[in-house]
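Shown below: work.cif, with mmCIF, C-alpha atoms.
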data_target
#
loop_
_atom_site.label_atom_id
_atom_site.label_comp_id
_atom_site.auth_asym_id
_atom_site.auth_seq_id
_atom_site.Cartn_x
_atom_site.Cartn_y
_atom_site.Cartn_z
CA ALA E 993 48.09 1.85 11.93
CA VAL E 994 46.06 -0.05 9.38
CA GLY E 995 45.53 -3.73 10.17
CA THR E 996 43.25 -6.38 11.54
CA ALA E 997 45.13 -7.69 14.56
CA ALA E 998 43.91 -6.75 18.01
CA ASN E 999 46.88 -4.40 18.56
CA HIS E 1000 46.50 -2.87 15.02
CA SER E 1001 50.16 -3.58 14.40
CA THR E 1002 49.77 -6.05 11.57
CA PRO E 1003 49.37 -4.20 8.22
CA MET E 1004 46.69 -6.35 6.51
CA CYS E 1005 43.65 -5.42 4.34
CA GLY E 1006 40.38 -6.21 6.09
CA GLY E 1007 38.78 -8.69 3.68
CA ALA E 1008 36.46 -8.51 0.72
CA CYS E 1009 34.45 -5.32 0.19
CA PRO E 1010 31.01 -5.82 1.77
CA ILE E 1011 27.71 -6.39 -0.04
CA GLY E 1012 26.12 -3.12 -1.17
CA SER E 1013 29.44 -1.30 -1.57
CA TYR E 1014 32.53 -1.10 -3.77
CA CYS E 1015 36.18 -0.64 -2.90
CA PRO E 1016 38.66 0.78 -5.42
CA GLU E 1017 42.39 0.26 -4.83
CA GLY E 1018 43.57 2.05 -1.71
CA THR E 1019 40.13 2.09 -0.06
CA ILE E 1020 39.99 2.85 3.66
CA GLU E 1021 36.15 2.92 3.95
CA PRO E 1022 33.85 1.03 1.51
CA THR E 1023 31.77 3.31 -0.73
CA PRO E 1024 28.06 2.46 -0.81
CA CYS E 1025 26.48 1.95 -4.22
CA PRO E 1026 24.12 4.93 -4.79
CA ALA E 1027 20.35 4.86 -4.54
CA GLY E 1028 18.83 3.25 -7.66
CA PHE E 1029 21.60 0.61 -7.73
CA ARG E 1030 22.36 -2.69 -6.01
CA MET E 1031 25.39 -4.81 -5.22
CA PRO E 1032 24.48 -8.36 -4.15
CA ALA E 1033 28.05 -9.71 -3.99
CA ARG E 1034 31.17 -9.04 -1.95
CA GLY E 1035 34.40 -7.76 -3.44
CA ALA E 1036 33.16 -5.10 -5.90
CA THR E 1037 36.03 -2.95 -7.09
CA GLY E 1038 34.43 0.15 -8.61
CA ARG E 1039 31.35 2.30 -9.18
CA ASP E 1040 30.64 0.53 -12.46
CA SER E 1041 30.29 -2.72 -10.53
CA CYS E 1042 27.01 -1.44 -9.00
CA ASN E 1043 24.04 -2.89 -10.87
CA PRO E 1044 21.23 -0.48 -11.87
CA CYS E 1045 17.72 -1.34 -10.79
CA ALA E 1046 15.80 -2.72 -13.76
CA PRO E 1047 12.52 -1.17 -14.95
CA GLY E 1048 9.77 -2.31 -12.63
CA SER E 1049 11.97 -1.95 -9.55
CA HIS E 1050 13.58 0.78 -7.50
CA GLN E 1051 15.89 1.39 -4.55
CA PRO E 1052 15.53 4.59 -2.51
CA ASP E 1053 18.56 3.94 -0.31
CA SER E 1054 22.30 3.65 -0.94
CA GLY E 1055 24.42 0.64 -0.05
CA GLN E 1056 21.76 -1.98 -0.70
CA PRO E 1057 22.16 -5.55 -1.96
CA ASP E 1058 18.87 -5.68 -3.90
CA CYS E 1059 16.28 -3.57 -5.65
CA ILE E 1060 12.62 -3.49 -4.61
CA ALA E 1061 9.83 -4.41 -7.02
CA CYS E 1062 7.29 -1.66 -7.59
CA SER E 1063 4.21 -2.46 -5.56
CA ALA E 1064 0.72 -2.79 -7.02
CA GLY E 1065 -0.57 0.69 -7.85
CA LYS E 1066 2.84 1.80 -9.11
CA PHE E 1067 5.27 1.25 -12.00
CA THR E 1068 8.52 2.56 -13.46
CA ASP E 1069 9.99 2.28 -16.93
CA GLN E 1070 13.33 3.79 -15.85
CA LEU E 1071 16.70 2.18 -15.15
CA ASN E 1072 18.21 2.88 -11.70
CA ALA E 1073 14.94 4.35 -10.41
CA THR E 1074 14.80 5.55 -6.82
CA VAL E 1075 10.99 5.78 -6.76
CA CYS E 1076 8.10 4.21 -8.67
CA ASN E 1077 5.46 6.26 -10.48
CA ALA E 1078 1.85 6.33 -9.32
CA CYS E 1079 -0.74 4.50 -11.38
CA PRO E 1080 -2.76 7.20 -13.18
CA ALA E 1081 -6.31 8.13 -12.23
CA GLY E 1082 -9.09 6.62 -14.31
CA GLY E 1083 -8.19 3.01 -13.58
CA TYR E 1084 -6.03 0.74 -11.44
CA CYS E 1085 -2.71 -1.15 -11.57
CA ALA E 1086 -2.79 -4.62 -10.02
CA THR E 1087 0.58 -5.93 -11.24
CA ILE E 1088 3.61 -6.04 -8.93
CA GLY E 1089 6.90 -5.10 -10.61
CA ALA E 1090 5.31 -3.38 -13.62
CA ALA E 1091 7.83 -1.86 -16.02
CA SER E 1092 5.34 0.44 -17.79
CA ALA E 1093 1.86 1.86 -17.36
CA SER E 1094 0.59 -0.14 -20.34
CA MET E 1095 1.85 -3.32 -18.69
CA THR E 1096 -0.36 -2.91 -15.63
CA PHE E 1097 -3.04 -0.22 -16.17
CA ASP E 1098 -6.65 -1.37 -16.42
CA PRO E 1099 -9.16 1.41 -17.16
CA CYS E 1100 -12.32 1.67 -15.11
CA PRO E 1101 -15.26 0.29 -17.12
CA ALA E 1102 -17.87 2.52 -18.71
CA GLY E 1103 -20.35 3.74 -16.12
CA THR E 1104 -17.61 4.24 -13.52
CA TYR E 1105 -14.72 6.60 -12.76
CA ASN E 1106 -11.72 6.85 -10.43
CA PRO E 1107 -10.30 10.24 -9.42
CA ASP E 1108 -7.39 8.82 -7.39
CA GLU E 1109 -3.87 7.76 -8.38
CA SER E 1110 -2.12 4.59 -7.15
CA ALA E 1111 -5.26 2.41 -7.18
CA THR E 1112 -4.53 -1.31 -6.96
CA ASN E 1113 -7.84 -2.97 -7.90
CA SER E 1114 -11.25 -2.42 -9.47
CA SER E 1115 -12.88 -1.46 -6.17
CA ALA E 1116 -11.35 2.00 -6.71
CA CYS E 1117 -13.73 2.56 -9.64
CA ARG E 1118 -16.76 4.49 -8.41
CA LEU E 1119 -20.22 4.06 -9.89
CA CYS E 1120 -21.99 6.83 -11.75
CA PRO E 1121 -25.07 7.74 -9.68
CA PHE E 1122 -28.69 6.97 -10.53
CA GLY E 1123 -30.02 9.08 -13.38
CA LYS E 1124 -26.60 9.44 -14.99
CA ALA E 1125 -24.46 7.42 -17.38
CA SER E 1126 -20.94 7.41 -18.81
CA PRO E 1127 -20.24 5.50 -22.04
CA VAL E 1128 -16.43 5.86 -21.94
CA ARG E 1129 -13.88 3.69 -20.13
CA GLY E 1130 -11.03 5.08 -18.05
CA GLU E 1131 -12.71 8.22 -16.76
CA SER E 1132 -11.31 10.07 -13.74
CA SER E 1133 -14.10 12.51 -12.82
CA VAL E 1134 -17.73 12.26 -11.75
CA ASP E 1135 -18.33 15.11 -14.21
CA THR E 1136 -18.12 12.54 -17.01
CA CYS E 1137 -21.29 10.92 -15.65
CA LEU E 1138 -23.89 12.76 -17.72
CA HIS E 1139 -27.55 13.34 -16.90
CA CYS E 1140 -29.95 11.10 -18.78
CA SER E 1141 -31.83 13.16 -21.35
CA PRO E 1142 -35.64 13.54 -21.29
CA GLY E 1143 -37.30 10.38 -22.57
CA THR E 1144 -34.65 8.19 -20.90
CA SER E 1145 -33.64 7.08 -17.40
CA ALA E 1146 -31.01 5.13 -15.44
CA ASN E 1147 -32.56 3.16 -12.59
CA SER E 1148 -29.27 1.76 -11.29
CA SER E 1149 -25.84 3.14 -10.51
CA GLY E 1150 -22.88 2.36 -12.76
CA THR E 1151 -24.87 2.72 -15.99
CA ASN E 1152 -23.04 3.24 -19.26
CA VAL E 1153 -26.08 4.16 -21.39
CA CYS E 1154 -29.44 5.59 -20.30
CA SER E 1155 -32.45 3.48 -21.28
CA SER E 1156 -35.33 4.84 -23.34
CA CYS E 1157 -38.64 4.99 -21.54
CA GLU E 1158 -40.69 1.93 -22.45
CA PRO E 1159 -43.97 2.39 -24.34
CA GLY E 1160 -46.70 3.61 -21.98
CA LYS E 1161 -44.26 5.73 -19.97
CA TYR E 1162 -42.54 9.10 -20.35
CA GLN E 1163 -39.97 11.32 -18.64
CA ASN E 1164 -39.77 15.07 -19.20
CA ALA E 1165 -36.96 15.82 -16.74
CA PRO E 1166 -33.22 15.24 -17.29
CA GLY E 1167 -31.23 13.09 -14.89
CA SER E 1168 -34.09 10.80 -13.89
CA SER E 1169 -33.82 7.34 -12.39
CA GLU E 1170 -37.23 6.13 -13.61
CA CYS E 1171 -39.90 6.94 -16.16
CA ARG E 1172 -43.43 8.01 -15.30
CA ILE E 1173 -46.67 6.28 -16.23
CA CYS E 1174 -48.38 7.92 -19.16
CA PRO E 1175 -51.53 9.65 -17.87
CA ALA E 1176 -55.07 8.91 -18.98
CA ARG E 1177 -56.34 10.78 -22.04
CA SER E 1178 -52.80 10.65 -23.52
CA TYR E 1179 -50.49 8.09 -25.09
CA CYS E 1180 -46.72 7.56 -24.89
CA PRO E 1181 -44.68 5.66 -27.50
CA GLY E 1182 -41.25 4.41 -26.42
CA GLY E 1183 -38.74 7.14 -25.55
CA THR E 1184 -41.40 9.77 -24.97
CA SER E 1185 -40.36 12.96 -23.18
CA ASN E 1186 -43.89 14.38 -22.93
CA PRO E 1187 -47.27 12.60 -23.17
CA LEU E 1188 -49.06 13.04 -26.50
CA ASP E 1189 -52.78 13.65 -26.82
CA CYS E 1190 -54.91 12.24 -29.56
CA GLU E 1191 -55.73 15.65 -31.02
CA SER E 1192 -52.44 17.56 -31.16
CA GLY E 1193 -50.14 14.54 -31.12
CA GLY E 1194 -52.19 12.12 -33.17
CA GLY E 1195 -54.11 14.54 -35.37
CA ILE E 1196 -57.47 13.04 -34.39
CA SER E 1197 -60.22 15.54 -33.64
CA ASN E 1198 -62.30 15.17 -30.47
CA ALA E 1199 -60.52 12.01 -29.30
CA VAL E 1200 -58.83 10.81 -26.10
CA THR E 1201 -57.48 7.62 -24.57
CA ARG E 1202 -59.42 5.93 -21.80
CA ASP E 1203 -56.70 4.45 -19.58
CA PRO E 1204 -53.21 5.34 -18.39
CA LYS E 1205 -50.16 3.67 -19.94
CA ALA E 1206 -51.51 4.00 -23.48
CA THR E 1207 -48.74 3.34 -25.97
CA SER E 1208 -50.07 4.67 -29.28
CA LYS E 1209 -52.88 6.60 -30.92
CA ALA E 1210 -54.41 3.27 -31.88
CA VAL E 1211 -56.26 3.33 -28.54
CA CYS E 1212 -57.76 6.79 -29.05
CA VAL E 1213 -61.57 6.90 -28.79
CA CYS E 1214 -64.17 9.64 -29.27
CA LYS E 1215 -64.62 12.12 -26.46
CA GLU E 1216 -67.84 12.31 -24.55
CA GLY E 1217 -70.49 13.93 -26.72
CA PHE E 1218 -68.92 12.82 -30.01
CA TYR E 1219 -69.31 9.73 -32.19
CA ASP E 1220 -67.27 7.91 -34.77
CA ASP E 1221 -68.40 8.92 -38.21
CA GLY E 1222 -66.53 6.01 -39.74
CA THR E 1223 -63.20 7.75 -40.17
CA LEU E 1224 -61.64 7.06 -36.73
CA ALA E 1225 -60.28 3.65 -37.71
CA ASP E 1226 -58.44 5.20 -40.64
CA GLN E 1227 -56.94 7.96 -38.47
CA VAL E 1228 -55.55 5.74 -35.73
CA HIS E 1229 -53.61 3.49 -38.10
#
Any chance you could give the structure as structure tokens?
Amino acid sequence: AVGTAANHSTPMCGGACPIGSYCPEGTIEPTPCPAGFRMPARGATGRDSCNPCAPGSHQPDSGQPDCIACSAGKFTDQLNATVCNACPAGGYCATIGAASASMTFDPCPAGTYNPDESATNSSACRLCPFGKASPVRGESSVDTCLHCSPGTSANSSGTNVCSSCEPGKYQNAPGSSECRICPARSYCPGGTSNPLDCESGGGISNAVTRDPKATSKAVCVCKEGFYDDGTLADQVH
């Protein structure tokens, strides 16, 4: 017989419906509120008494008094969610209880990338390697780190733009981490991919540079066995 006395002979209802459940009229066993809902109070009378989890929270189990805030690295914009969504690759999500991706997502800075979902902080952003650069934020693949073009270099990791070779240096190979010293008998303006010689590059007959790291044809001098007939000064300027 239904009742609460020790001998089950007294026909009484057993008290308020417990937290996490609801009890319509005539209930024998409380019905748990479904996953994605909560019931923090006693005495709920129907399914519509269960409160849906708000965006930014979830509840994977039934019969629970509270919802759980989405952890860092996750978010949900849905009502009555049972799971939270993973933070997308290309950045990280540091906020707890985020109700949308835009509310929490921070893209990795230019020069970095993150191929993994559910990242919680900036340490997930990986640096582009030496000799490569990426000018765009929020990238998710190392393939977006592009080789520096000839005439440029990247001498540190995490570079967003390759640097032009300084005057007196050159680089003829792509993907380089440093520029080379311009050799003797040539000159190298800034951003040079191949050393220039005074004759073919500067248009000065029978001329060379004396020292390495020359930066312009202004330092060209006559080769051995030749002399300046008075026109060299005009040709180097």
Worksheet item: In Å, how far is it from atom CA of E:Cys1062 to atom CA of E:Ile1088?
Response: 5.9 Å
Fill in: Explicit residue set for the PyMOL selection byres ((chain E and resi 1170) around 9), as a PyMOL selection string
chain E and resi 1123+1144-1147+1157+1163+1168-1169+1171-1172
Worksheet item: Just how far from atom CA of E:Asp1069 is atom CA of E:Tyr1105, in Å to one decimal?
Response: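 Value for the atom CA of E:Tyr1105-atom CA of E:Asp1069 distance: 25.4 Å.
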Can you give me, as a JSON list (two decimals) with C-alpha atoms, in the coordinates of the input, the residues this file yields under the PyMOL selection byres ((chain E and resi 1082) around 12)?
[["chain", "number", "residue", "atom", "x", "y", "z"],
["E", 1079, "CYS", "CA", -0.74, 4.50, -11.38],
["E", 1080, "PRO", "CA", -2.76, 7.20, -13.18],
["E", 1081, "ALA", "CA", -6.31, 8.13, -12.23],
["E", 1083, "GLY", "CA", -8.19, 3.01, -13.58],
["E", 1084, "TYR", "CA", -6.03, 0.74, -11.44],
["E", 1085, "CYS", "CA", -2.71, -1.15, -11.57],
["E", 1097, "PHE", "CA", -3.04, -0.22, -16.17],
["E", 1098, "ASP", "CA", -6.65, -1.37, -16.42],
["E", 1099, "PRO", "CA", -9.16, 1.41, -17.16],
["E", 1100, "CYS", "CA", -12.32, 1.67, -15.11],
["E", 1101, "PRO", "CA", -15.26, 0.29, -17.12],
["E", 1102, "ALA", "CA", -17.87, 2.52, -18.71],
["E", 1103, "GLY", "CA", -20.35, 3.74, -16.12],
["E", 1104, "THR", "CA", -17.61, 4.24, -13.52],
["E", 1105, "TYR", "CA", -14.72, 6.60, -12.76],
["E", 1106, "ASN", "CA", -11.72, 6.85, -10.43],
["E", 1107, "PRO", "CA", -10.30, 10.24, -9.42],
["E", 1108, "ASP", "CA", -7.39, 8.82, -7.39],
["E", 1109, "GLU", "CA", -3.87, 7.76, -8.38],
["E", 1110, "SER", "CA", -2.12, 4.59, -7.15],
["E", 1111, "ALA", "CA", -5.26, 2.41, -7.18],
["E", 1112, "THR", "CA", -4.53, -1.31, -6.96],
["E", 1113, "ASN", "CA", -7.84, -2.97, -7.90],
["E", 1114, "SER", "CA", -11.25, -2.42, -9.47],
["E", 1116, "ALA", "CA", -11.35, 2.00, -6.71],
["E", 1117, "CYS", "CA", -13.73, 2.56, -9.64],
["E", 1118, "ARG", "CA", -16.76, 4.49, -8.41],
["E", 1128, "VAL", "CA", -16.43, 5.86, -21.94],
["E", 1129, "ARG", "CA", -13.88, 3.69, -20.13],
["E", 1130, "GLY", "CA", -11.03, 5.08, -18.05],
["E", 1131, "GLU", "CA", -12.71, 8.22, -16.76],
["E", 1132, "SER", "CA", -11.31, 10.07, -13.74],
["E", 1133, "SER", "CA", -14.10, 12.51, -12.82],
["E", 1134, "VAL", "CA", -17.73, 12.26, -11.75],
["E", 1136, "THR", "CA", -18.12, 12.54, -17.01]]
Discussion item. Report, in Å with one decimal, the straight-line distance from atom CA of E:Cys1005 to atom CA of E:Gln1056.
Written reply: 22.7 Å
Discussion item. Residues within 12 Å of (-47.8, 7.3, -22.3), file coordinates, counting all atoms listed in the file: what are they? Give the list as number ranges by chain.
Written reply: E: 1143, 1157-1164, 1171-1190, 1193, 1201-1209, 1211
Those same residues - C-alpha atoms - I'd like them written as a CSV table (one decimal), in the coordinates of the input.
chain,number,residue,atom,x,y,z
E,1143,GLY,CA,-37.3,10.4,-22.6
E,1157,CYS,CA,-38.6,5.0,-21.5
E,1158,GLU,CA,-40.7,1.9,-22.4
E,1159,PRO,CA,-44.0,2.4,-24.3
E,1160,GLY,CA,-46.7,3.6,-22.0
E,1161,LYS,CA,-44.3,5.7,-20.0
E,1162,TYR,CA,-42.5,9.1,-20.4
E,1163,GLN,CA,-40.0,11.3,-18.6
E,1164,ASN,CA,-39.8,15.1,-19.2
E,1171,CYS,CA,-39.9,6.9,-16.2
E,1172,ARG,CA,-43.4,8.0,-15.3
E,1173,ILE,CA,-46.7,6.3,-16.2
E,1174,CYS,CA,-48.4,7.9,-19.2
E,1175,PRO,CA,-51.5,9.6,-17.9
E,1176,ALA,CA,-55.1,8.9,-19.0
E,1177,ARG,CA,-56.3,10.8,-22.0
E,1178,SER,CA,-52.8,10.6,-23.5
E,1179,TYR,CA,-50.5,8.1,-25.1
E,1180,CYS,CA,-46.7,7.6,-24.9
E,1181,PRO,CA,-44.7,5.7,-27.5
E,1182,GLY,CA,-41.2,4.4,-26.4
E,1183,GLY,CA,-38.7,7.1,-25.6
E,1184,THR,CA,-41.4,9.8,-25.0
E,1185,SER,CA,-40.4,13.0,-23.2
E,1186,ASN,CA,-43.9,14.4,-22.9
E,1187,PRO,CA,-47.3,12.6,-23.2
E,1188,LEU,CA,-49.1,13.0,-26.5
E,1189,ASP,CA,-52.8,13.6,-26.8
E,1190,CYS,CA,-54.9,12.2,-29.6
E,1193,GLY,CA,-50.1,14.5,-31.1
E,1201,THR,CA,-57.5,7.6,-24.6
E,1202,ARG,CA,-59.4,5.9,-21.8
E,1203,ASP,CA,-56.7,4.4,-19.6
E,1204,PRO,CA,-53.2,5.3,-18.4
E,1205,LYS,CA,-50.2,3.7,-19.9
E,1206,ALA,CA,-51.5,4.0,-23.5
E,1207,THR,CA,-48.7,3.3,-26.0
E,1208,SER,CA,-50.1,4.7,-29.3
E,1209,LYS,CA,-52.9,6.6,-30.9
E,1211,VAL,CA,-56.3,3.3,-28.5
Item to complete: Name the residues that the PyMOL selection byres ((chain E and resi 1137) around 6) picks from the file above, as a PyMOL selection string, using the file's chain letters and numbers.
Response: chain E and resi 1120+1124-1126+1134-1136+1138
Identify, on the basis of all atoms listed in the file, every residue whose closest approach to E:Asp1040 does not exceed 12 Å; exclude the query and any residue fewer than 6 positions from it along the same chain; express the result as a PDB file with C-alpha atoms, in the coordinates of the input.
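Now in part.pdb:
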ATOM      1  CA  SER E1013      29.440  -1.300  -1.570  1.00  0.00           C
ATOM      2  CA  TYR E1014      32.530  -1.100  -3.770  1.00  0.00           C
ATOM      3  CA  CYS E1015      36.180  -0.640  -2.900  1.00  0.00           C
ATOM      4  CA  PRO E1016      38.660   0.780  -5.420  1.00  0.00           C
ATOM      5  CA  CYS E1025      26.480   1.950  -4.220  1.00  0.00           C
ATOM      6  CA  PRO E1026      24.120   4.930  -4.790  1.00  0.00           C
ATOM      7  CA  PHE E1029      21.600   0.610  -7.730  1.00  0.00           C
ATOM      8  CA  ARG E1030      22.360  -2.690  -6.010  1.00  0.00           C
ATOM      9  CA  MET E1031      25.390  -4.810  -5.220  1.00  0.00           C
TER      10      MET E1031
END
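For the residues E:Val1213, E:Ala1165, E:Leu1071, E:Ala1064, ranking by smallest atom-to-atom distance to E:Thr1096 using only C-alpha atoms places E:Ala1064 first.
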Worksheet item: Which of these, E:Ala1093, E:Cys1059, E:Ile1011, E:Ile1196, has the shortest distance to E:Pro1044 once you count all atoms listed in the file?
Response: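 Selected residue with least distance to E:Pro1044: E:Cys1059.
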Discussion item. Using all atoms listed in the file, can you tell me which of E:Cys1140, E:Ala1210, E:Ala1027, E:Val1200 comes closest to E:Gln1051?
Written reply: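 Closest residue, counting all atoms listed in the file: E:Ala1027.
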Incomplete stretch 1057-1067 of chain E brought to all heavy atoms, written out as a compact mmCIF listing (two decimals), in the coordinates of the input:
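Listing of part.txt after writing:
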# COMPACT_ATOMS: atom_id res chain seq x y z
N PRO E 1057 21.83 -4.37 -1.15
CA PRO E 1057 22.16 -5.55 -1.96
C PRO E 1057 21.16 -5.82 -3.08
O PRO E 1057 21.49 -6.48 -4.06
CB PRO E 1057 22.15 -6.69 -0.94
CG PRO E 1057 21.19 -6.24 0.11
CD PRO E 1057 21.36 -4.75 0.20
N ASP E 1058 19.91 -5.35 -2.93
CA ASP E 1058 18.87 -5.68 -3.90
C ASP E 1058 17.98 -4.48 -4.19
O ASP E 1058 17.92 -3.53 -3.39
CB ASP E 1058 17.99 -6.83 -3.38
CG ASP E 1058 18.76 -8.13 -3.27
OD1 ASP E 1058 19.27 -8.60 -4.30
OD2 ASP E 1058 18.85 -8.67 -2.14
N CYS E 1059 17.29 -4.56 -5.31
CA CYS E 1059 16.28 -3.57 -5.65
C CYS E 1059 14.92 -4.07 -5.18
O CYS E 1059 14.74 -5.25 -4.90
CB CYS E 1059 16.26 -3.32 -7.16
SG CYS E 1059 17.82 -2.62 -7.79
N ILE E 1060 13.95 -3.18 -5.11
CA ILE E 1060 12.62 -3.49 -4.61
C ILE E 1060 11.63 -3.40 -5.76
O ILE E 1060 11.58 -2.39 -6.46
CB ILE E 1060 12.21 -2.50 -3.50
CG1 ILE E 1060 13.26 -2.48 -2.39
CG2 ILE E 1060 10.84 -2.85 -2.94
CD1 ILE E 1060 13.08 -1.30 -1.43
N ALA E 1061 10.84 -4.43 -5.96
CA ALA E 1061 9.83 -4.41 -7.02
C ALA E 1061 8.80 -3.33 -6.72
O ALA E 1061 8.41 -3.12 -5.57
CB ALA E 1061 9.16 -5.77 -7.13
N CYS E 1062 8.37 -2.63 -7.77
CA CYS E 1062 7.29 -1.66 -7.59
C CYS E 1062 6.05 -2.40 -7.10
O CYS E 1062 5.70 -3.47 -7.61
CB CYS E 1062 6.98 -0.96 -8.91
SG CYS E 1062 8.29 0.14 -9.50
N SER E 1063 5.40 -1.83 -6.11
CA SER E 1063 4.21 -2.46 -5.56
C SER E 1063 3.03 -2.27 -6.51
O SER E 1063 3.08 -1.47 -7.44
CB SER E 1063 3.89 -1.85 -4.20
OG SER E 1063 3.67 -0.46 -4.32
N ALA E 1064 1.95 -3.01 -6.27
CA ALA E 1064 0.72 -2.79 -7.02
C ALA E 1064 0.30 -1.33 -6.84
O ALA E 1064 0.47 -0.75 -5.76
CB ALA E 1064 -0.37 -3.72 -6.52
N GLY E 1065 -0.21 -0.73 -7.89
CA GLY E 1065 -0.57 0.69 -7.85
C GLY E 1065 0.54 1.60 -8.31
O GLY E 1065 0.37 2.82 -8.35
N LYS E 1066 1.69 1.00 -8.67
CA LYS E 1066 2.84 1.80 -9.11
C LYS E 1066 3.57 1.09 -10.25
O LYS E 1066 3.37 -0.10 -10.50
CB LYS E 1066 3.79 2.06 -7.94
CG LYS E 1066 3.18 2.88 -6.81
CD LYS E 1066 4.17 3.16 -5.70
CE LYS E 1066 3.54 3.94 -4.57
NZ LYS E 1066 3.10 5.29 -5.00
N PHE E 1067 4.47 1.82 -10.92
CA PHE E 1067 5.27 1.25 -12.00
C PHE E 1067 6.46 2.19 -12.25
O PHE E 1067 6.47 3.33 -11.80
CB PHE E 1067 4.45 1.13 -13.29
CG PHE E 1067 4.15 2.46 -13.94
CD1 PHE E 1067 4.96 2.97 -14.93
CD2 PHE E 1067 3.06 3.22 -13.51
CE1 PHE E 1067 4.69 4.22 -15.50
CE2 PHE E 1067 2.79 4.46 -14.08
CZ PHE E 1067 3.60 4.96 -15.07
